[in-house]
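*Asks:* Let me give you the structure first, and then I'll get to my questions.
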Amino acid sequence: MQISTDITSSSVSAEQEHHGHPDFRIFGVVLFLIAEGMIFLGLFSAFLIYRSMIPVWPPEGTPELETLLPGINSIILISSSFVMHQGQAAIKKNDVAGLRLWFGITALMGAIFLAGQLYEYFHLEFGLTTNLFASSFYVLTGFHGLHVTVGLLLILCVLWRSQRPNHYSSQSHFGVEAAELYWHFVDVVWVILFILVYLL
Amino acid sequence: MTAAISATKQRKWQDYFTFCTDHKVIGIQYLVSSFFFYFIGGIFAEIMRTELATPEPDLVSPELYNQLLTLHGTIMIFLWIVPAAAGFANYLIPLMVGAEDMAFPRLNALAFWINPPAGVLLLSSFFVGAPQSGWTSYPPLSLLSGKWGEEFWILSILLIGTSSILGAINFITTILKMRIPDMDIHSMPLFCWAMLASSALALLSTPVLAAALVLLSFDLIIGTNFFNPAGGGNPIVYQHLFWFYSHPAVYIMILPFFGIISEVLPVHSRKPIFGYRAIAYSSLAISFLGLIVWAHHMFTSGTPGWLRMFFMATTMLIAVPTGIKIFSWCATLWGGKLNLNTSLLFGIGFVSSFLIGGLSGVMIASVPFDIHVHDTYFIVAHFHYVLFGGSVLGLYAGVYHWFPKMTGRMVNETLGRIHFVMSFIGLNVTFLPMHELGLMGMNRRIALYDLEFQPLNLISTIGSYILATSTIPFIINVIWSLNKGTQAERNPWRSLTLEWQTSSPPAIENFSEPPVLWSGPYEYGIDSESIESESVQDLLTEVASEG
């Protein structure tokens with residue numbers, strides 16, 4: 001009996017050579033995202049308990065949240081997931097230029113989202129310690145913003161690595177897939193967050 | 001099977017102080033560092049027990065007592081038993097599934113190296129006023145007693161939590177994706193099942209604790225009011241988030257040792273494990289139930305009656321999968337040819353002590369009884385029977401069982417038996433009287449108590465000294481055996497799991513030839529002629545002649 005003799009082709013990285021299952025790294029990323037999801041679940045649960053505890057929500061005297069800017073921001077972020085997917089489709093056809101183009105656009109959209117969020121923060125009329133609503137708002141959106149920033153760094157990392165010859169190919173593009181999964185995760189969390197915080 | 005030390009390359013001692021990605025090095029790093037923290041946590045416990053020998057707070061100030069109490073709990077949970085389990089898992093899982101290493105070796109090394117700085121950070125909180133609000137750190141108390149000590153505590157737990165999550169990702173991926181092709185999920189050792197269940201819990205619940213601690217940190221540093229009732233916040237929200245992690249955490253602390261016991265008992269009683277699938281699936285059942293019972297810690301926190309009923313019923317249900325395990329272990333021992341060495345003694349000690357902790361657990365799952373004994377020494381007795389009588393004895397069973405594999409040397413059985421006898425007596429003398437103290441109404445977490453509680457407290461303190469002394473023969477044994485112990489064979493126990501197919505200690509690449517799997521890990525008494533591999537045939541013939 002031999003261990004992992006079937007995947008020692010040149011397309012597989014050195015680290016992967018030892019292992020028998022090529023999909024194990026993506027599996028690890030999915031597990032990581034489950035853990036991340038549980039942090040948000042904890043925060044969302046706390047938010048919902050506070051909401052149910054306080055009869056008037058947001059508490060009286062809290063300035064209304066604008067929904068236009070975050071709405072546009074949401075559309076940009078959600079669309080960016082589809083844009084990004086084009087990048088992965090491109091690298092599956094060995095089209096590195098396509099990968100760079102689509103990932104570049106995604107990065108730009110992510111940056112616009114972050115800029116929009118910062119703009120919103122500077123124009124809000126309540127602070128982090130104003131009341132429970134304000135604190136929850138900043139913690140939830142801020143924590144999500146932090147994740148968008150990490151996602152953006154991952155995309156930039158992919159773009160930087162894609163400059164190396166033959167780094168990504170149709171056979172080997174774990175980094176691309178991992179960044180994309182992370183970005184989709186950040187998007188899904190935003191949809192839930194937007195509904196909970198802005199719409200309900 | 002007389003092959004002794006492999007001629008292949010072995011690790012040097014310096015490797016154990018580096019960012020080494022070899023899972024065996026990381027396993028030893030986890031084990032040794034967790035024993036270091038066990039020592040510190042133990043000293044804190046002894047100071048507290050000495051203080052409690054008399055009713056007056058005469059040895060340490062009440063503030064210092066609170067600090068020792070907080071750090072004792074925190075260290076024993078987060079820096080001793082959880083990382084010690086990770087140590088065994090790191091060392092054993094790749095060997096047991098026939099892999100060369102963990103799925104993510106660099107992530108693995110990172111997960112370990114987060115821990116020592118976190119431990120140092122926790123201990124250094126003494127310089128800024130160590131936290132005093134207990135290992136649960138309930139607000140609003142934790143918001144009142146020393147800001148920076150509390151913040152150090154939070155940061156330290158966040159770091160250890162991160163390490164725990166990274167470890168869990170690695171264990172699950174390795175167990176599910178790295179097995180040799182012939183090993184299906186129902187032929188992997190039960191320790192792998194236990195780690196799978198434990199890691200799933202760590203993965204799902206630790207992040208929720210992180211969320212709670214981040215919010216608590218905001219309250220402390222920035223002045224938000226998530227958990228501060230004075231500012232409109234709700235401390236009960238913290239309790240829900242905290243126990244959503246910390247209840248499953250008790251299973252994160254015990255499941256790996258259930259796994260270890262399931263390895264130790266069949267090998268040393270020369271019997272196939274009774275109810276392999278029942279034990280495997282009951283681990284998963286415990287994981288699932290562990291996630292939905294957290295509020296039984298909050299029966300006295302104003303939880304509505306109907307909710308208390310739900311949490312009472314689900315908590316009691318956990319006795320079913322746990323009972324399945326206990327009966328399966330007893331059935332494994334039944335009629336076996338018991339080799340009563342130190343490892344098996346600790347194994348049997350584990351089953352009997354854990355049983356006491358489990359039974360008192362069912363008692364306090366019951367709302368009326370819990371309300372009576374809540375925050376008394378009955379609870380302290382319960383969780384020490386589970387965590388010391390369970391996890392720690394299980395851990396020692398594992399240390400004695402795998403010592404030959406890890407070091408290439410046999411342990412001294414006489415010293416081992418002295419260690420066991422002292423531990424077992426010490427544990428019962430220390431923790432058994434606490435049940436009565438709790439029923440009499442003695443509160444936990446206090447340095448000052450009523451005179452009527454003194455006799456039992458004194459017995460408990462004497463027990464704790466026996467317990468502390470019991471580690472001396474252990475330490476002597478480890479140091480002596482490492483240097484002078486008899487050289488271990490490849491498979492001194494004639495065990496059938498894969499880790500025994502390689503040299504003792506294993507070479508850097510784990511297996512010099514690909515490990516061969518036969519029908520299952522616990523088939524003692526199987527007909528060896530049905531096996532193709534000659535080396536396995538030899539082993540099975542030997543096993544059959546012995547057992």
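By order in the structure tokens, chains are A, B, ...; within a chain, residues start at 1; ligands start at 1, following the order shown.
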Write out as a PyMOL selection string the residues lying within 9 Å of Phe346 in chain B, counting only C-alpha atoms and excluding same-chain residues fewer than 2 positions away.
*Replies:* chain B and resi 341-344+348-351+393-398+400+420+424
*Asks:* Selection from above, all heavy atoms, as a compact mmCIF listing (two decimals), in the first residue's frame, can you write it?
*Replies:*
```txt
# COMPACT_ATOMS: atom_id res chain seq x y z
N ASN B 341 -0.93 -2.50 35.01
CA ASN B 341 0.19 -1.56 35.08
C ASN B 341 -0.35 -0.16 35.37
O ASN B 341 -1.56 0.05 35.48
CB ASN B 341 1.01 -1.60 33.79
CG ASN B 341 0.16 -1.31 32.58
OD1 ASN B 341 -0.91 -0.71 32.72
ND2 ASN B 341 0.59 -1.75 31.42
N THR B 342 0.57 0.81 35.49
CA THR B 342 0.14 2.14 35.92
C THR B 342 -0.90 2.74 34.98
O THR B 342 -1.86 3.36 35.42
CB THR B 342 1.36 3.07 35.99
OG1 THR B 342 2.40 2.39 36.67
CG2 THR B 342 1.03 4.34 36.72
N SER B 343 -0.71 2.54 33.70
CA SER B 343 -1.63 3.12 32.73
C SER B 343 -3.05 2.61 32.95
O SER B 343 -4.01 3.39 32.99
CB SER B 343 -1.15 2.80 31.32
OG SER B 343 -1.98 3.39 30.39
N LEU B 344 -3.18 1.28 33.12
CA LEU B 344 -4.53 0.73 33.32
C LEU B 344 -5.09 1.16 34.67
O LEU B 344 -6.29 1.44 34.80
CB LEU B 344 -4.51 -0.80 33.21
CG LEU B 344 -5.91 -1.44 33.26
CD1 LEU B 344 -6.78 -0.97 32.10
CD2 LEU B 344 -5.84 -2.95 33.27
N ILE B 348 -8.65 2.82 35.12
CA ILE B 348 -9.76 2.38 35.98
C ILE B 348 -10.10 3.49 36.98
O ILE B 348 -11.27 3.75 37.27
CB ILE B 348 -9.39 1.06 36.69
CG1 ILE B 348 -9.22 -0.04 35.65
CG2 ILE B 348 -10.46 0.67 37.69
CD1 ILE B 348 -8.64 -1.33 36.19
N GLY B 349 -9.06 4.17 37.49
CA GLY B 349 -9.29 5.31 38.38
C GLY B 349 -10.12 6.38 37.70
O GLY B 349 -11.04 6.96 38.29
N PHE B 350 -9.82 6.59 36.42
CA PHE B 350 -10.59 7.56 35.62
C PHE B 350 -12.06 7.18 35.58
O PHE B 350 -12.94 7.98 35.87
CB PHE B 350 -10.02 7.60 34.19
CG PHE B 350 -10.86 8.33 33.19
CD1 PHE B 350 -10.57 9.65 32.86
CD2 PHE B 350 -11.94 7.73 32.56
CE1 PHE B 350 -11.34 10.34 31.93
CE2 PHE B 350 -12.73 8.41 31.64
CZ PHE B 350 -12.41 9.72 31.32
N VAL B 351 -12.34 5.91 35.22
CA VAL B 351 -13.74 5.50 35.05
C VAL B 351 -14.50 5.67 36.36
O VAL B 351 -15.59 6.23 36.40
CB VAL B 351 -13.83 4.04 34.54
CG1 VAL B 351 -15.28 3.61 34.44
CG2 VAL B 351 -13.16 3.92 33.18
N LEU B 393 -6.68 12.23 35.58
CA LEU B 393 -6.32 10.81 35.65
C LEU B 393 -6.23 10.21 34.25
O LEU B 393 -5.36 9.40 33.96
CB LEU B 393 -7.34 10.03 36.50
CG LEU B 393 -7.41 10.37 38.00
CD1 LEU B 393 -8.23 9.32 38.73
CD2 LEU B 393 -6.05 10.50 38.64
N GLY B 394 -7.15 10.63 33.37
CA GLY B 394 -7.11 10.16 31.98
C GLY B 394 -5.82 10.57 31.30
O GLY B 394 -5.20 9.81 30.55
N LEU B 395 -5.40 11.79 31.60
CA LEU B 395 -4.16 12.30 31.03
C LEU B 395 -2.97 11.46 31.49
O LEU B 395 -2.12 11.07 30.70
CB LEU B 395 -4.00 13.75 31.47
CG LEU B 395 -2.82 14.50 30.89
CD1 LEU B 395 -3.23 15.94 30.65
CD2 LEU B 395 -1.62 14.50 31.81
N TYR B 396 -2.95 11.15 32.80
CA TYR B 396 -1.84 10.33 33.29
C TYR B 396 -1.88 8.94 32.67
O TYR B 396 -0.83 8.37 32.34
CB TYR B 396 -1.89 10.23 34.82
CG TYR B 396 -1.32 11.43 35.52
CD1 TYR B 396 -2.03 12.11 36.51
CD2 TYR B 396 -0.04 11.90 35.21
CE1 TYR B 396 -1.50 13.21 37.16
CE2 TYR B 396 0.50 13.00 35.85
CZ TYR B 396 -0.24 13.66 36.83
OH TYR B 396 0.29 14.74 37.46
N ALA B 397 -3.09 8.39 32.50
CA ALA B 397 -3.19 7.08 31.84
C ALA B 397 -2.53 7.16 30.47
O ALA B 397 -1.78 6.27 30.06
CB ALA B 397 -4.66 6.67 31.71
N GLY B 398 -2.79 8.27 29.77
CA GLY B 398 -2.21 8.47 28.44
C GLY B 398 -0.70 8.64 28.51
O GLY B 398 0.03 8.07 27.69
N TYR B 400 1.41 7.46 30.73
CA TYR B 400 2.08 6.18 31.00
C TYR B 400 1.96 5.23 29.80
O TYR B 400 2.85 4.44 29.54
CB TYR B 400 1.51 5.52 32.26
CG TYR B 400 2.01 6.18 33.53
CD1 TYR B 400 1.23 7.09 34.23
CD2 TYR B 400 3.29 5.91 34.02
CE1 TYR B 400 1.69 7.71 35.39
CE2 TYR B 400 3.76 6.52 35.17
CZ TYR B 400 2.97 7.41 35.85
OH TYR B 400 3.44 8.02 36.99
N PHE B 420 0.01 6.62 41.32
CA PHE B 420 -1.43 6.39 41.18
C PHE B 420 -2.12 6.34 42.54
O PHE B 420 -3.13 7.00 42.76
CB PHE B 420 -1.72 5.10 40.40
CG PHE B 420 -3.17 4.71 40.50
CD1 PHE B 420 -4.13 5.44 39.81
CD2 PHE B 420 -3.58 3.67 41.31
CE1 PHE B 420 -5.47 5.13 39.92
CE2 PHE B 420 -4.93 3.35 41.43
CZ PHE B 420 -5.87 4.08 40.73
N PHE B 424 -4.96 8.89 43.74
CA PHE B 424 -6.33 8.43 43.92
C PHE B 424 -6.81 8.72 45.34
O PHE B 424 -7.93 9.22 45.53
CB PHE B 424 -6.42 6.93 43.61
CG PHE B 424 -7.82 6.48 43.35
CD1 PHE B 424 -8.50 6.88 42.20
CD2 PHE B 424 -8.49 5.67 44.25
CE1 PHE B 424 -9.79 6.48 41.95
CE2 PHE B 424 -9.79 5.26 44.01
CZ PHE B 424 -10.44 5.67 42.87
```
*Asks:* As a PyMOL selection string, list the residues of range 52-143 of chain A assigned to alpha helix (DSSP H) by DSSP on the backbone atoms of this structure.
*Replies:* chain A and resi 52-53+68-92+96-123+132-143
*Asks:* Rank B:Asn483, B:Gly149, B:Phe242, B:His23 by their smallest atom-to-atom distance to Ile221 in chain B, using only C-alpha atoms, and report the top residue only.
*Replies:*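 The closest residue to Ile221 in chain B is B:Gly149.
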*Asks:* I'd like a table as JSON lines: residues in range 120-158 of chain B with an atom no more than 12 Å from range 436-452 of chain B, each row giving the shortest atom pair and its distance in Å to one decimal, only C-alpha atoms counted, sorted by chain and rising residue number.
*Replies:*
```
{"residue": "B:Gln132", "atom": "CA", "partner": "B:Arg445", "partner_atom": "CA", "distance": 10.3}
{"residue": "B:Ser133", "atom": "CA", "partner": "B:Arg445", "partner_atom": "CA", "distance": 9.5}
{"residue": "B:Gly134", "atom": "CA", "partner": "B:Arg445", "partner_atom": "CA", "distance": 8.0}
{"residue": "B:Trp135", "atom": "CA", "partner": "B:Arg445", "partner_atom": "CA", "distance": 10.7}
{"residue": "B:Thr136", "atom": "CA", "partner": "B:Arg445", "partner_atom": "CA", "distance": 11.8}
```
*Asks:* Nearest residue to Ser80 in chain A out of A:Trp160, A:Phe27, A:Trp183, A:Phe194, using only C-alpha atoms?
*Replies:*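 Residue with the minimum atom-to-atom distance to Ser80 in chain A: A:Trp183.
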*Asks:* As JSON, numbers by chain, please: the residues near Ile93 in chain B (cut-off 12 Å, only C-alpha atoms, same-chain neighbours under 6 positions excluded).
*Replies:* {"B": [23, 24, 27, 85, 86, 87, 99, 100, 101, 102, 103, 170, 171, 172, 173, 174, 175, 176, 177, 178, 179, 188, 189, 190, 191, 192, 193, 194, 195, 196, 256, 259, 260, 497, 498, 499, 510]}
*Asks:* CA of Gly73 in chain B and CA of Trp153 in chain B, how far apart in Å?
*Replies:*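 CA of Gly73 in chain B lies at a distance of 11.9 Å from CA of Trp153 in chain B.
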*Asks:* Could you name the residues that touch His167 in chain A at 10 Å or less, counting only C-alpha atoms, but leaving out those on the same chain fewer than 6 positions away, as a PyMOL selection string?
*Replies:* chain A and resi 11+96+158+161+173+175
*Asks:* Between B:Leu79, B:Val237, B:Met422, B:Leu345, which has the minimum distance to Ala118 in chain B (counting only C-alpha atoms)?
*Replies:*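 Looking only at the distances to Ala118 in chain B, the closest residue turns out to be B:Leu79.
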*Asks:* Pick out the closest residue to chain B from this set: A:Ala134, A:Ile155, A:Ile72, A:Leu114. Count only C-alpha atoms.
*Replies:*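 Among the listed residues, the smallest separation from chain B belongs to A:Ala134.
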*Asks:* Neighbours of His147 in chain A within 9 Å (only C-alpha atoms; same-chain residues fewer than 5 positions away dropped), as number ranges by chain?
*Replies:* A: 142, 152, 182-183, 186
*Asks:* Filtering to N, CA and C atoms, could you give me those residues as a compact mmCIF listing (two decimals), in the first residue's frame?
*Replies:*
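Contents of again.txt, freshly written:
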```txt
# COMPACT_ATOMS: atom_id res chain seq x y z
N GLY A 142 -18.30 47.82 12.51
CA GLY A 142 -16.84 47.95 12.59
C GLY A 142 -16.16 46.60 12.45
N LEU A 152 -9.79 42.45 1.58
CA LEU A 152 -9.11 43.30 0.61
C LEU A 152 -7.62 42.96 0.56
N TYR A 182 -13.60 33.61 1.26
CA TYR A 182 -13.61 34.58 2.35
C TYR A 182 -14.49 35.78 1.98
N TRP A 183 -14.30 36.24 0.75
CA TRP A 183 -15.06 37.42 0.29
C TRP A 183 -16.56 37.14 0.26
N VAL A 186 -17.85 37.29 3.75
CA VAL A 186 -18.00 38.66 4.23
C VAL A 186 -19.27 39.29 3.65
```
*Asks:* Neighbouring residues of range 115-120 of chain A were defined as those with any atom within 9 Å, considering only C-alpha atoms; residues of the same chain fewer than 2 positions away were excluded. Please report them as an MDAnalysis selection string.
*Replies:* chainID A and resid 66 69:70 73 110:113 122:124 141:142 145
*Asks:* Could you dump the residues just selected with C-alpha atoms as an mmCIF file, in the first residue's frame?
*Replies:*
```
data_model
loop_
_atom_site.group_PDB
_atom_site.id
_atom_site.type_symbol
_atom_site.label_atom_id
_atom_site.label_comp_id
_atom_site.auth_asym_id
_atom_site.auth_seq_id
_atom_site.Cartn_x
_atom_site.Cartn_y
_atom_site.Cartn_z
ATOM 1 C CA GLU A 66 -29.646 56.889 6.713
ATOM 2 C CA LEU A 69 -25.564 55.347 1.341
ATOM 3 C CA PRO A 70 -25.365 51.943 3.074
ATOM 4 C CA ASN A 73 -22.690 50.324 -0.484
ATOM 5 C CA GLY A 110 -14.161 46.714 -1.699
ATOM 6 C CA ALA A 111 -12.206 49.917 -1.198
ATOM 7 C CA ILE A 112 -15.241 51.987 -2.245
ATOM 8 C CA PHE A 113 -17.338 50.083 0.300
ATOM 9 C CA PHE A 122 -17.902 60.627 10.189
ATOM 10 C CA HIS A 123 -21.389 61.926 9.506
ATOM 11 C CA LEU A 124 -23.298 60.010 12.172
ATOM 12 C CA THR A 141 -20.385 47.334 11.373
ATOM 13 C CA GLY A 142 -16.842 47.947 12.587
ATOM 14 C CA GLY A 145 -15.453 46.452 8.183
#
```
*Asks:* At what distance in Å, to one decimal, does CA of Thr502 in chain B lie from CA of Arg490 in chain B?
*Replies:*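 Between these atoms lies a distance of 6.4 Å.
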